[in-house]
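The data block below is final.pdb; it holds PDB, C-alpha atoms and all ligand atoms.
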ATOM      1  CA  MET M   1       0.000   0.000   0.000  1.00  0.00           C
ATOM      2  CA  SER M   2       1.404   3.480  -0.887  1.00  0.00           C
ATOM      3  CA  GLU M   3       0.418   5.336   2.269  1.00  0.00           C
ATOM      4  CA  LYS M   4       2.097   7.449   4.916  1.00  0.00           C
ATOM      5  CA  THR M   5       1.362   5.695   8.209  1.00  0.00           C
ATOM      6  CA  SER M   6       3.544   7.525  10.735  1.00  0.00           C
ATOM      7  CA  GLY M   7       3.026  10.680  12.846  1.00  0.00           C
ATOM      8  CA  ILE M   8      -0.292  12.465  12.399  1.00  0.00           C
ATOM      9  CA  HIS M   9      -1.249  10.130   9.539  1.00  0.00           C
ATOM     10  CA  SER M  10      -1.324   7.161  11.934  1.00  0.00           C
ATOM     11  CA  LEU M  11      -4.282   8.755  13.772  1.00  0.00           C
ATOM     12  CA  LEU M  12      -6.409   8.639  10.630  1.00  0.00           C
ATOM     13  CA  ARG M  13      -6.655   4.857  10.874  1.00  0.00           C
ATOM     14  CA  PHE M  14      -9.138   5.389  13.738  1.00  0.00           C
ATOM     15  CA  PRO M  15     -12.628   5.696  12.204  1.00  0.00           C
ATOM     16  CA  TRP M  16     -13.903   8.555  14.378  1.00  0.00           C
ATOM     17  CA  ILE M  17     -10.780  10.670  13.810  1.00  0.00           C
ATOM     18  CA  TYR M  18     -11.002   9.967  10.079  1.00  0.00           C
ATOM     19  CA  GLU M  19     -14.671  10.975   9.977  1.00  0.00           C
ATOM     20  CA  THR M  20     -14.066  14.180  11.990  1.00  0.00           C
ATOM     21  CA  PHE M  21     -11.253  15.103   9.595  1.00  0.00           C
ATOM     22  CA  GLN M  22     -13.549  14.483   6.625  1.00  0.00           C
ATOM     23  CA  SER M  23     -16.237  16.757   8.141  1.00  0.00           C
ATOM     24  CA  LEU M  24     -13.688  19.560   8.495  1.00  0.00           C
ATOM     25  CA  MET M  25     -12.858  19.137   4.805  1.00  0.00           C
ATOM     26  CA  GLY M  26     -16.544  19.714   3.975  1.00  0.00           C
ATOM     27  CA  ALA M  27     -16.974  16.069   3.003  1.00  0.00           C
ATOM     28  CA  GLU M  28     -20.754  15.867   3.459  1.00  0.00           C
ATOM     29  CA  GLN M  29     -21.473  18.731   1.044  1.00  0.00           C
ATOM     30  CA  ASN M  30     -18.836  17.450  -1.377  1.00  0.00           C
ATOM     31  CA  ILE M  31     -20.361  13.973  -1.315  1.00  0.00           C
ATOM     32  CA  LYS M  32     -23.868  15.303  -1.994  1.00  0.00           C
ATOM     33  CA  ARG M  33     -22.604  17.218  -5.030  1.00  0.00           C
ATOM     34  CA  PHE M  34     -20.523  14.256  -6.227  1.00  0.00           C
ATOM     35  CA  VAL M  35     -23.512  11.908  -5.945  1.00  0.00           C
ATOM     36  CA  ALA M  36     -25.878  14.280  -7.778  1.00  0.00           C
ATOM     37  CA  ASN M  37     -23.487  15.307 -10.542  1.00  0.00           C
ATOM     38  CA  GLU M  38     -21.347  12.225 -11.113  1.00  0.00           C
ATOM     39  CA  LEU M  39     -22.835   9.060  -9.618  1.00  0.00           C
ATOM     40  CA  ARG M  40     -26.530   9.699 -10.364  1.00  0.00           C
ATOM     41  CA  PRO M  41     -27.728   6.496  -8.619  1.00  0.00           C
ATOM     42  CA  THR M  42     -31.198   5.132  -9.313  1.00  0.00           C
ATOM     43  CA  PRO M  43     -33.238   2.773  -7.120  1.00  0.00           C
ATOM     44  CA  GLY M  44     -32.327  -0.892  -7.481  1.00  0.00           C
ATOM     45  CA  MET M  45     -28.784  -0.298  -8.748  1.00  0.00           C
ATOM     46  CA  ARG M  46     -25.996  -2.600  -7.598  1.00  0.00           C
ATOM     47  CA  ILE M  47     -23.093  -0.402  -6.501  1.00  0.00           C
ATOM     48  CA  LEU M  48     -19.549  -1.494  -5.625  1.00  0.00           C
ATOM     49  CA  ASP M  49     -17.366   0.872  -3.574  1.00  0.00           C
ATOM     50  CA  ILE M  50     -13.610   0.147  -3.504  1.00  0.00           C
ATOM     51  CA  GLY M  51     -11.683   1.452  -0.472  1.00  0.00           C
ATOM     52  CA  CYS M  52     -15.053   2.368   1.006  1.00  0.00           C
ATOM     53  CA  GLY M  53     -13.780   3.440   4.445  1.00  0.00           C
ATOM     54  CA  THR M  54     -16.730   3.195   6.839  1.00  0.00           C
ATOM     55  CA  GLY M  55     -19.174   2.984   3.907  1.00  0.00           C
ATOM     56  CA  ARG M  56     -20.567   6.455   4.680  1.00  0.00           C
ATOM     57  CA  LEU M  57     -21.273   6.943   0.960  1.00  0.00           C
ATOM     58  CA  ALA M  58     -24.131   4.411   1.255  1.00  0.00           C
ATOM     59  CA  ASN M  59     -26.110   7.016   3.242  1.00  0.00           C
ATOM     60  CA  HIS M  60     -26.325   9.177   0.121  1.00  0.00           C
ATOM     61  CA  LEU M  61     -27.210   6.607  -2.547  1.00  0.00           C
ATOM     62  CA  GLY M  62     -30.872   5.876  -1.791  1.00  0.00           C
ATOM     63  CA  ASP M  63     -32.459   2.481  -2.287  1.00  0.00           C
ATOM     64  CA  VAL M  64     -29.545   0.561  -3.823  1.00  0.00           C
ATOM     65  CA  THR M  65     -27.563  -2.598  -3.077  1.00  0.00           C
ATOM     66  CA  TYR M  66     -24.203  -1.418  -1.785  1.00  0.00           C
ATOM     67  CA  ILE M  67     -21.106  -3.646  -1.592  1.00  0.00           C
ATOM     68  CA  GLY M  68     -17.926  -2.165  -0.115  1.00  0.00           C
ATOM     69  CA  PHE M  69     -14.349  -3.441   0.111  1.00  0.00           C
ATOM     70  CA  GLU M  70     -11.973  -1.837   2.603  1.00  0.00           C
ATOM     71  CA  PRO M  71      -8.571  -3.028   3.906  1.00  0.00           C
ATOM     72  CA  ASN M  72      -8.820  -1.197   7.272  1.00  0.00           C
ATOM     73  CA  GLU M  73     -10.762  -3.592   9.503  1.00  0.00           C
ATOM     74  CA  SER M  74     -11.678  -0.982  12.107  1.00  0.00           C
ATOM     75  CA  TYR M  75     -13.368   1.170   9.422  1.00  0.00           C
ATOM     76  CA  VAL M  76     -15.361  -1.899   8.355  1.00  0.00           C
ATOM     77  CA  ALA M  77     -16.370  -2.791  11.920  1.00  0.00           C
ATOM     78  CA  GLN M  78     -17.625   0.747  12.547  1.00  0.00           C
ATOM     79  CA  GLY M  79     -19.377   0.858   9.168  1.00  0.00           C
ATOM     80  CA  MET M  80     -21.224  -2.422   9.759  1.00  0.00           C
ATOM     81  CA  ARG M  81     -22.560  -1.063  13.080  1.00  0.00           C
ATOM     82  CA  GLU M  82     -23.738   2.167  11.426  1.00  0.00           C
ATOM     83  CA  GLN M  83     -25.212   0.539   8.311  1.00  0.00           C
ATOM     84  CA  ALA M  84     -26.950  -2.454   9.917  1.00  0.00           C
ATOM     85  CA  HIS M  85     -30.410  -1.279   8.754  1.00  0.00           C
ATOM     86  CA  ARG M  86     -29.531  -0.946   5.055  1.00  0.00           C
ATOM     87  CA  ASP M  87     -28.807  -3.244   2.083  1.00  0.00           C
ATOM     88  CA  VAL M  88     -25.105  -2.818   2.727  1.00  0.00           C
ATOM     89  CA  THR M  89     -22.313  -5.408   2.795  1.00  0.00           C
ATOM     90  CA  LEU M  90     -18.810  -4.369   3.765  1.00  0.00           C
ATOM     91  CA  HIS M  91     -15.910  -6.753   3.192  1.00  0.00           C
ATOM     92  CA  ALA M  92     -12.671  -6.329   5.126  1.00  0.00           C
ATOM     93  CA  GLY M  93      -9.811  -6.692   2.653  1.00  0.00           C
ATOM     94  CA  TYR M  94      -8.491  -5.696  -0.748  1.00  0.00           C
ATOM     95  CA  PHE M  95     -10.551  -6.203  -3.910  1.00  0.00           C
ATOM     96  CA  ASP M  96      -8.641  -9.029  -5.586  1.00  0.00           C
ATOM     97  CA  GLU M  97      -9.153 -11.746  -8.194  1.00  0.00           C
ATOM     98  CA  LYS M  98     -11.160 -13.856  -5.727  1.00  0.00           C
ATOM     99  CA  SER M  99     -13.377 -10.886  -4.834  1.00  0.00           C
ATOM    100  CA  ALA M 100     -14.019 -10.180  -8.531  1.00  0.00           C
ATOM    101  CA  ASP M 101     -15.094 -13.819  -8.991  1.00  0.00           C
ATOM    102  CA  SER M 102     -17.471 -13.641  -6.040  1.00  0.00           C
ATOM    103  CA  VAL M 103     -19.235 -10.320  -6.752  1.00  0.00           C
ATOM    104  CA  GLU M 104     -22.369 -10.354  -8.925  1.00  0.00           C
ATOM    105  CA  PRO M 105     -22.159  -7.795 -11.789  1.00  0.00           C
ATOM    106  CA  VAL M 106     -22.673  -4.171 -10.768  1.00  0.00           C
ATOM    107  CA  ASP M 107     -24.130  -1.103 -12.484  1.00  0.00           C
ATOM    108  CA  LEU M 108     -21.645   1.288 -10.934  1.00  0.00           C
ATOM    109  CA  ALA M 109     -18.233   0.937  -9.283  1.00  0.00           C
ATOM    110  CA  ILE M 110     -16.886   3.828  -7.236  1.00  0.00           C
ATOM    111  CA  VAL M 111     -13.246   4.443  -6.335  1.00  0.00           C
ATOM    112  CA  LEU M 112     -13.446   7.520  -4.136  1.00  0.00           C
ATOM    113  CA  ALA M 113     -10.153   9.035  -2.954  1.00  0.00           C
ATOM    114  CA  VAL M 114      -8.309   5.716  -3.317  1.00  0.00           C
ATOM    115  CA  LEU M 115      -6.243   5.762  -6.552  1.00  0.00           C
ATOM    116  CA  HIS M 116      -3.761   8.170  -4.990  1.00  0.00           C
ATOM    117  CA  HIS M 117      -3.071   5.464  -2.363  1.00  0.00           C
ATOM    118  CA  MET M 118      -2.138   2.980  -5.110  1.00  0.00           C
ATOM    119  CA  SER M 119       0.872   2.479  -7.369  1.00  0.00           C
ATOM    120  CA  ASP M 120       0.304   2.548 -11.153  1.00  0.00           C
ATOM    121  CA  GLU M 121       0.500  -1.265 -11.217  1.00  0.00           C
ATOM    122  CA  GLN M 122      -2.040  -1.711  -8.389  1.00  0.00           C
ATOM    123  CA  ALA M 123      -4.430   0.783  -9.995  1.00  0.00           C
ATOM    124  CA  ALA M 124      -4.166  -0.835 -13.455  1.00  0.00           C
ATOM    125  CA  GLU M 125      -4.867  -4.251 -11.877  1.00  0.00           C
ATOM    126  CA  LEU M 126      -7.893  -2.806 -10.050  1.00  0.00           C
ATOM    127  CA  PHE M 127      -9.329  -1.457 -13.330  1.00  0.00           C
ATOM    128  CA  ARG M 128      -8.744  -4.848 -14.965  1.00  0.00           C
ATOM    129  CA  LEU M 129     -10.802  -6.514 -12.222  1.00  0.00           C
ATOM    130  CA  LEU M 130     -13.487  -3.810 -12.332  1.00  0.00           C
ATOM    131  CA  ALA M 131     -13.894  -4.281 -16.098  1.00  0.00           C
ATOM    132  CA  ARG M 132     -14.915  -7.862 -15.278  1.00  0.00           C
ATOM    133  CA  VAL M 133     -17.578  -6.941 -12.727  1.00  0.00           C
ATOM    134  CA  VAL M 134     -19.136  -3.829 -14.317  1.00  0.00           C
ATOM    135  CA  LYS M 135     -22.185  -4.683 -16.435  1.00  0.00           C
ATOM    136  CA  PRO M 136     -22.239  -3.642 -20.120  1.00  0.00           C
ATOM    137  CA  GLY M 137     -23.482  -0.045 -20.008  1.00  0.00           C
ATOM    138  CA  GLY M 138     -22.130   0.363 -16.464  1.00  0.00           C
ATOM    139  CA  ARG M 139     -19.452   2.758 -15.280  1.00  0.00           C
ATOM    140  CA  VAL M 140     -16.535   3.192 -12.900  1.00  0.00           C
ATOM    141  CA  VAL M 141     -16.363   6.655 -11.331  1.00  0.00           C
ATOM    142  CA  THR M 142     -13.230   7.817  -9.506  1.00  0.00           C
ATOM    143  CA  LEU M 143     -12.240  10.963  -7.602  1.00  0.00           C
ATOM    144  CA  ASP M 144      -8.777  11.940  -6.335  1.00  0.00           C
ATOM    145  CA  ASN M 145      -6.788  15.024  -5.478  1.00  0.00           C
ATOM    146  CA  VAL M 146      -4.679  16.184  -8.412  1.00  0.00           C
ATOM    147  CA  TYR M 147      -1.688  18.345  -9.322  1.00  0.00           C
ATOM    148  CA  VAL M 148      -2.682  20.789 -12.062  1.00  0.00           C
ATOM    149  CA  ASP M 149      -0.952  23.749 -13.706  1.00  0.00           C
ATOM    150  CA  GLY M 150      -1.418  27.087 -11.969  1.00  0.00           C
ATOM    151  CA  GLN M 151      -1.992  25.644  -8.467  1.00  0.00           C
ATOM    152  CA  GLY M 152      -0.748  27.886  -5.652  1.00  0.00           C
ATOM    153  CA  MET M 153       1.974  26.788  -3.243  1.00  0.00           C
ATOM    154  CA  PHE M 154      -0.524  26.455  -0.364  1.00  0.00           C
ATOM    155  CA  GLU M 155      -2.747  24.090  -2.314  1.00  0.00           C
ATOM    156  CA  ARG M 156       0.246  21.991  -3.392  1.00  0.00           C
ATOM    157  CA  TRP M 157       1.387  21.856   0.233  1.00  0.00           C
ATOM    158  CA  ILE M 158      -2.012  20.641   1.481  1.00  0.00           C
ATOM    159  CA  ILE M 159      -2.176  18.029  -1.275  1.00  0.00           C
ATOM    160  CA  GLY M 160       1.368  16.919  -0.438  1.00  0.00           C
ATOM    161  CA  MET M 161       0.267  16.290   3.196  1.00  0.00           C
ATOM    162  CA  ASP M 162      -2.105  13.523   2.066  1.00  0.00           C
ATOM    163  CA  ARG M 163      -1.640   9.974   3.370  1.00  0.00           C
ATOM    164  CA  GLY M 164      -1.740   8.702  -0.213  1.00  0.00           C
ATOM    165  CA  GLN M 165       1.689   8.952  -1.806  1.00  0.00           C
ATOM    166  CA  ASN M 166       0.625   8.790  -5.441  1.00  0.00           C
ATOM    167  CA  VAL M 167      -1.209  12.022  -6.152  1.00  0.00           C
ATOM    168  CA  ARG M 168      -0.930  12.426  -9.923  1.00  0.00           C
ATOM    169  CA  THR M 169      -1.508  14.814 -12.813  1.00  0.00           C
ATOM    170  CA  PRO M 170      -4.713  14.449 -14.905  1.00  0.00           C
ATOM    171  CA  GLU M 171      -2.751  12.706 -17.666  1.00  0.00           C
ATOM    172  CA  ALA M 172      -1.285  10.174 -15.230  1.00  0.00           C
ATOM    173  CA  TYR M 173      -4.728   9.384 -13.767  1.00  0.00           C
ATOM    174  CA  ASP M 174      -6.252   9.061 -17.253  1.00  0.00           C
ATOM    175  CA  ALA M 175      -3.594   6.504 -18.220  1.00  0.00           C
ATOM    176  CA  LEU M 176      -4.583   4.069 -15.429  1.00  0.00           C
ATOM    177  CA  PRO M 177      -7.888   2.680 -16.823  1.00  0.00           C
ATOM    178  CA  THR M 178      -7.116   2.826 -20.552  1.00  0.00           C
ATOM    179  CA  ALA M 179      -6.077  -0.842 -20.893  1.00  0.00           C
ATOM    180  CA  SER M 180      -9.413  -1.944 -19.403  1.00  0.00           C
ATOM    181  CA  PHE M 181     -11.994   0.666 -20.442  1.00  0.00           C
ATOM    182  CA  GLY M 182     -12.743   1.958 -23.928  1.00  0.00           C
ATOM    183  CA  VAL M 183     -13.995   5.368 -22.799  1.00  0.00           C
ATOM    184  CA  VAL M 184     -12.300   7.445 -20.078  1.00  0.00           C
ATOM    185  CA  GLU M 185     -13.605  10.962 -19.467  1.00  0.00           C
ATOM    186  CA  GLY M 186     -11.944  13.174 -16.843  1.00  0.00           C
ATOM    187  CA  HIS M 187     -12.510  16.664 -15.481  1.00  0.00           C
ATOM    188  CA  THR M 188     -11.509  18.799 -12.501  1.00  0.00           C
ATOM    189  CA  ALA M 189     -13.712  19.892  -9.592  1.00  0.00           C
ATOM    190  CA  LYS M 190     -12.898  22.348  -6.803  1.00  0.00           C
ATOM    191  CA  ASN M 191     -13.464  21.972  -3.074  1.00  0.00           C
ATOM    192  CA  PRO M 192     -15.655  25.004  -2.246  1.00  0.00           C
ATOM    193  CA  ARG M 193     -14.179  25.305   1.258  1.00  0.00           C
ATOM    194  CA  LEU M 194     -10.463  24.871   0.667  1.00  0.00           C
ATOM    195  CA  PRO M 195      -7.967  25.487  -2.128  1.00  0.00           C
ATOM    196  CA  TYR M 196      -8.084  21.869  -3.271  1.00  0.00           C
ATOM    197  CA  THR M 197      -8.638  20.364  -6.723  1.00  0.00           C
ATOM    198  CA  TYR M 198      -9.969  16.908  -7.593  1.00  0.00           C
ATOM    199  CA  TRP M 199      -9.746  14.842 -10.778  1.00  0.00           C
ATOM    200  CA  ILE M 200     -12.924  12.906 -11.527  1.00  0.00           C
ATOM    201  CA  MET M 201     -12.966  10.102 -14.103  1.00  0.00           C
ATOM    202  CA  SER M 202     -15.886   8.241 -15.602  1.00  0.00           C
ATOM    203  CA  CYS M 203     -14.828   4.969 -17.261  1.00  0.00           C
ATOM    204  CA  SER M 204     -17.182   2.959 -19.451  1.00  0.00           C
ATOM    205  CA  GLN M 205     -17.199   0.308 -22.195  1.00  0.00           C
ATOM    206  CA  PRO M 206     -15.266  -2.316 -20.210  1.00  0.00           C
ATOM    207  CA  LYS M 207     -12.768  -4.297 -22.307  1.00  0.00           C
ATOM    208  CA  THR M 208     -12.741  -7.874 -21.118  1.00  0.00           C
ATOM    209  CA  ALA M 209     -10.358 -10.470 -22.515  1.00  0.00           C
TER
HETATM  210  C1  LIG M 301      -9.013   8.766   1.705  1.00  0.00           C
HETATM  211  S1  LIG M 301      -9.712   7.242   2.234  1.00  0.00           S
HETATM  212  C2  LIG M 301     -11.272   7.239   1.361  1.00  0.00           C
HETATM  213  C3  LIG M 301     -12.294   6.354   1.999  1.00  0.00           C
HETATM  214  C4  LIG M 301     -13.678   6.374   1.339  1.00  0.00           C
HETATM  215  N1  LIG M 301     -13.609   6.013  -0.064  1.00  0.00           N
HETATM  216  C5  LIG M 301     -14.292   7.737   1.529  1.00  0.00           C
HETATM  217  O1  LIG M 301     -14.333   8.502   0.569  1.00  0.00           O
HETATM  218  O2  LIG M 301     -14.707   8.027   2.653  1.00  0.00           O
HETATM  219  C6  LIG M 301      -8.763   6.063   1.340  1.00  0.00           C
HETATM  220  C7  LIG M 301      -9.198   4.652   1.631  1.00  0.00           C
HETATM  221  O3  LIG M 301      -8.545   3.761   0.739  1.00  0.00           O
HETATM  222  C8  LIG M 301      -8.188   2.603   1.444  1.00  0.00           C
HETATM  223  N2  LIG M 301      -7.108   1.981   0.675  1.00  0.00           N
HETATM  224  C9  LIG M 301      -5.800   2.250   0.700  1.00  0.00           C
HETATM  225  N3  LIG M 301      -5.138   1.478  -0.186  1.00  0.00           N
HETATM  226  C10 LIG M 301      -6.074   0.713  -0.799  1.00  0.00           C
HETATM  227  C11 LIG M 301      -6.029  -0.296  -1.797  1.00  0.00           C
HETATM  228  N4  LIG M 301      -4.877  -0.668  -2.366  1.00  0.00           N
HETATM  229  N5  LIG M 301      -7.205  -0.880  -2.173  1.00  0.00           N
HETATM  230  C12 LIG M 301      -8.364  -0.502  -1.609  1.00  0.00           C
HETATM  231  N6  LIG M 301      -8.464   0.445  -0.658  1.00  0.00           N
HETATM  232  C13 LIG M 301      -7.331   1.031  -0.260  1.00  0.00           C
HETATM  233  C14 LIG M 301      -7.790   3.109   2.822  1.00  0.00           C
HETATM  234  O4  LIG M 301      -7.852   2.110   3.810  1.00  0.00           O
HETATM  235  C15 LIG M 301      -8.834   4.191   3.047  1.00  0.00           C
HETATM  236  O5  LIG M 301     -10.006   3.715   3.665  1.00  0.00           O
END

As structure tokens, the full file:
Amino acid sequence: MSEKTSGIHSLLRFPWIYETFQSLMGAEQNIKRFVANELRPTPGMRILDIGCGTGRLANHLGDVTYIGFEPNESYVAQGMREQAHRDVTLHAGYFDEKSADSVEPVDLAIVLAVLHHMSDEQAAELFRLLARVVKPGGRVVTLDNVYVDGQGMFERWIIGMDRGQNVRTPEAYDALPTASFGVVEGHTAKNPRLPYTYWIMSCSQPKTA
């Protein structure tokens, strides 16, 4: 895993500290906008969330079947307590070949703030597996912090503080799914509260061998 895990970053492995930090970043408002503009879930959809944290995204998706994979077991334990009343399944662990074999096809796969925790090889392998589980006509939607031209020093400093050690440029993010998806569309979005820029990708037309 390409993550900083020492010093202040080590505290973020605790679910309540992570969630408080997310609130300070304006996460709830950002998630609502991201869901409305990018995910556009409809009732009955099957949705897979990779690196789902505590699965908090499920609260914003309506009447869907939500399947999350998350390597941090304490996030999963907290999420299962919070989500007990919904059609939510959280798996503790990485999404691997075995997971891809076991998951029924999904309409939408979400990779929210996770690619910048992965090496190029790990991310390309993830897209290969997602191409197998996304239904024809389905999509993978990703969001990550990004280095773009014209960013101020303060913004670059905040982005550099991230636990994930692979924050990329738009071109480098766009290259990750191209072996597995025929259409990759990316664009930037701004955090309204902080000088912080995200790269959002929508990947469709899975290429399966
Ligand atoms: C910034 S958090 C985002 C969590 C969640 N998607 C959200 O938006 O609340 C990054 C998450 O990715 C997970 N993660 C790190 N490396 C991963 C990997 N290789 N595969 C899947 N998840 C990973 C971390 O455990 C962490 O929960």

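Comparing M:Leu39, M:Ile47, M:Val88, M:Ala179 by their smallest distance to Glu125 in chain M, the closest is M:Ala179 (using all atoms listed in the file).
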
If you take every atom of range 106-120 of chain M that the file lists and fit an axis-aligned box around them with 6 Å extra on each side, what centre and edge lengths come out in Å to one decimal, as lines of an AutoDock Vina configuration file?
center_x = -11.6
center_y = 2.4
center_z = -7.4
size_x = 37.0
size_y = 25.2
size_z = 22.1

Q) Which is closer to ligand LIG 301 (chain M) than all the others in M:Gly186, M:Pro43, M:Gly164, M:Gly152, using only C-alpha atoms and all ligand atoms? A) M:Gly164

Q.
Env of range 26-31 of chain M: 9 Å cut, atoms = all atoms listed in the file, seq-sep filter 6 positions within chain, self excluded. Answer as an NGL selection string.
A. :M and (19 or 57 or 60 or 191-194)

Q: List the residues selected by the PyMOL selection byres (((not hetatm)) within 10 of (chain M and resi 301)) in the file shown, writing them as a ChimeraX atom specification.
A: /M:1-3,12-13,15,18-19,22,27-28,31,49-57,68-76,92-96,110-119,122-123,126,142-145,162-164

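Compared by their closest atoms to Arg40 in chain M, and using all atoms listed in the file, the residues M:Lys98, M:Lys207, M:Arg168, M:Arg139 rank with M:Arg139 nearest.
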
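Going from CA of Leu61 in chain M over to CA of Val133 in chain M, you cover 19.5 Å.
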
Q: Could you tell me which residues the PyMOL selection byres (((chain M and resi 195-206) around 9) and not hetatm) grabs in this file, written as a PyMOL selection string?
A: chain M and resi 38+128+130-132+134-148+151-152+154-156+158-159+169-170+173-174+177-178+180-194+207-208

(Q) I'd like to know which of M:Asp120, M:Asp107, M:Glu97, M:Asp149 is closest to Ala172 in chain M, using all atoms listed in the file. (A) M:Asp120

Q) What does the distance from CA of Gln83 in chain M to CA of Arg46 in chain M come to in Å, to one decimal? A) 16.2 Å

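Of the listed residues (M:Val103, M:Met153, M:Arg33, M:Phe127), M:Val103 comes nearest to Leu48 in chain M; the distances count all atoms listed in the file.
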
Could you complete range 116-139 of chain M so that it carries N, CA and C atoms, and give it back as a CSV table (one decimal), in the frame of the given file?
chain,number,residue,atom,x,y,z
M,116,HIS,N,-5.0,7.5,-5.4
M,116,HIS,CA,-3.8,8.2,-5.0
M,116,HIS,C,-3.1,7.4,-3.8
M,117,HIS,N,-3.7,6.4,-3.3
M,117,HIS,CA,-3.1,5.5,-2.4
M,117,HIS,C,-2.4,4.3,-3.1
M,118,MET,N,-2.6,4.2,-4.4
M,118,MET,CA,-2.1,3.0,-5.1
M,118,MET,C,-1.0,3.3,-6.1
M,119,SER,N,-0.1,2.3,-6.3
M,119,SER,CA,0.9,2.5,-7.4
M,119,SER,C,0.2,2.3,-8.7
M,120,ASP,N,0.9,2.7,-9.8
M,120,ASP,CA,0.3,2.5,-11.2
M,120,ASP,C,-0.1,1.1,-11.4
M,121,GLU,N,0.8,0.2,-11.0
M,121,GLU,CA,0.5,-1.3,-11.2
M,121,GLU,C,-0.7,-1.7,-10.5
M,122,GLN,N,-0.9,-1.3,-9.2
M,122,GLN,CA,-2.0,-1.7,-8.4
M,122,GLN,C,-3.3,-1.1,-9.0
M,123,ALA,N,-3.2,0.1,-9.5
M,123,ALA,CA,-4.4,0.8,-10.0
M,123,ALA,C,-4.8,0.1,-11.3
M,124,ALA,N,-3.8,-0.2,-12.2
M,124,ALA,CA,-4.2,-0.8,-13.5
M,124,ALA,C,-4.8,-2.2,-13.2
M,125,GLU,N,-4.3,-2.9,-12.2
M,125,GLU,CA,-4.9,-4.3,-11.9
M,125,GLU,C,-6.3,-4.1,-11.3
M,126,LEU,N,-6.5,-3.1,-10.5
M,126,LEU,CA,-7.9,-2.8,-10.0
M,126,LEU,C,-8.8,-2.6,-11.2
M,127,PHE,N,-8.4,-1.7,-12.2
M,127,PHE,CA,-9.3,-1.5,-13.3
M,127,PHE,C,-9.6,-2.7,-14.1
M,128,ARG,N,-8.6,-3.6,-14.2
M,128,ARG,CA,-8.7,-4.8,-15.0
M,128,ARG,C,-9.8,-5.7,-14.3
M,129,LEU,N,-9.8,-5.7,-13.0
M,129,LEU,CA,-10.8,-6.5,-12.2
M,129,LEU,C,-12.2,-5.8,-12.3
M,130,LEU,N,-12.2,-4.5,-12.3
M,130,LEU,CA,-13.5,-3.8,-12.3
M,130,LEU,C,-14.1,-4.0,-13.7
M,131,ALA,N,-13.3,-4.1,-14.8
M,131,ALA,CA,-13.9,-4.3,-16.1
M,131,ALA,C,-14.6,-5.6,-16.2
M,132,ARG,N,-14.2,-6.6,-15.3
M,132,ARG,CA,-14.9,-7.9,-15.3
M,132,ARG,C,-16.2,-7.8,-14.5
M,133,VAL,N,-16.4,-6.9,-13.6
M,133,VAL,CA,-17.6,-6.9,-12.7
M,133,VAL,C,-18.6,-5.9,-13.1
M,134,VAL,N,-18.2,-4.9,-13.9
M,134,VAL,CA,-19.1,-3.8,-14.3
M,134,VAL,C,-20.0,-4.3,-15.5
M,135,LYS,N,-21.3,-4.2,-15.4
M,135,LYS,CA,-22.2,-4.7,-16.4
M,135,LYS,C,-21.9,-3.9,-17.7
M,136,PRO,N,-22.3,-4.4,-18.9
M,136,PRO,CA,-22.2,-3.6,-20.1
M,136,PRO,C,-23.1,-2.4,-19.9
M,137,GLY,N,-22.7,-1.3,-20.3
M,137,GLY,CA,-23.5,0.0,-20.0
M,137,GLY,C,-23.2,0.6,-18.6
M,138,GLY,N,-22.5,-0.2,-17.8
M,138,GLY,CA,-22.1,0.4,-16.5
M,138,GLY,C,-20.9,1.3,-16.5
M,139,ARG,N,-20.6,1.8,-15.3
M,139,ARG,CA,-19.5,2.8,-15.3
M,139,ARG,C,-18.6,2.5,-14.0
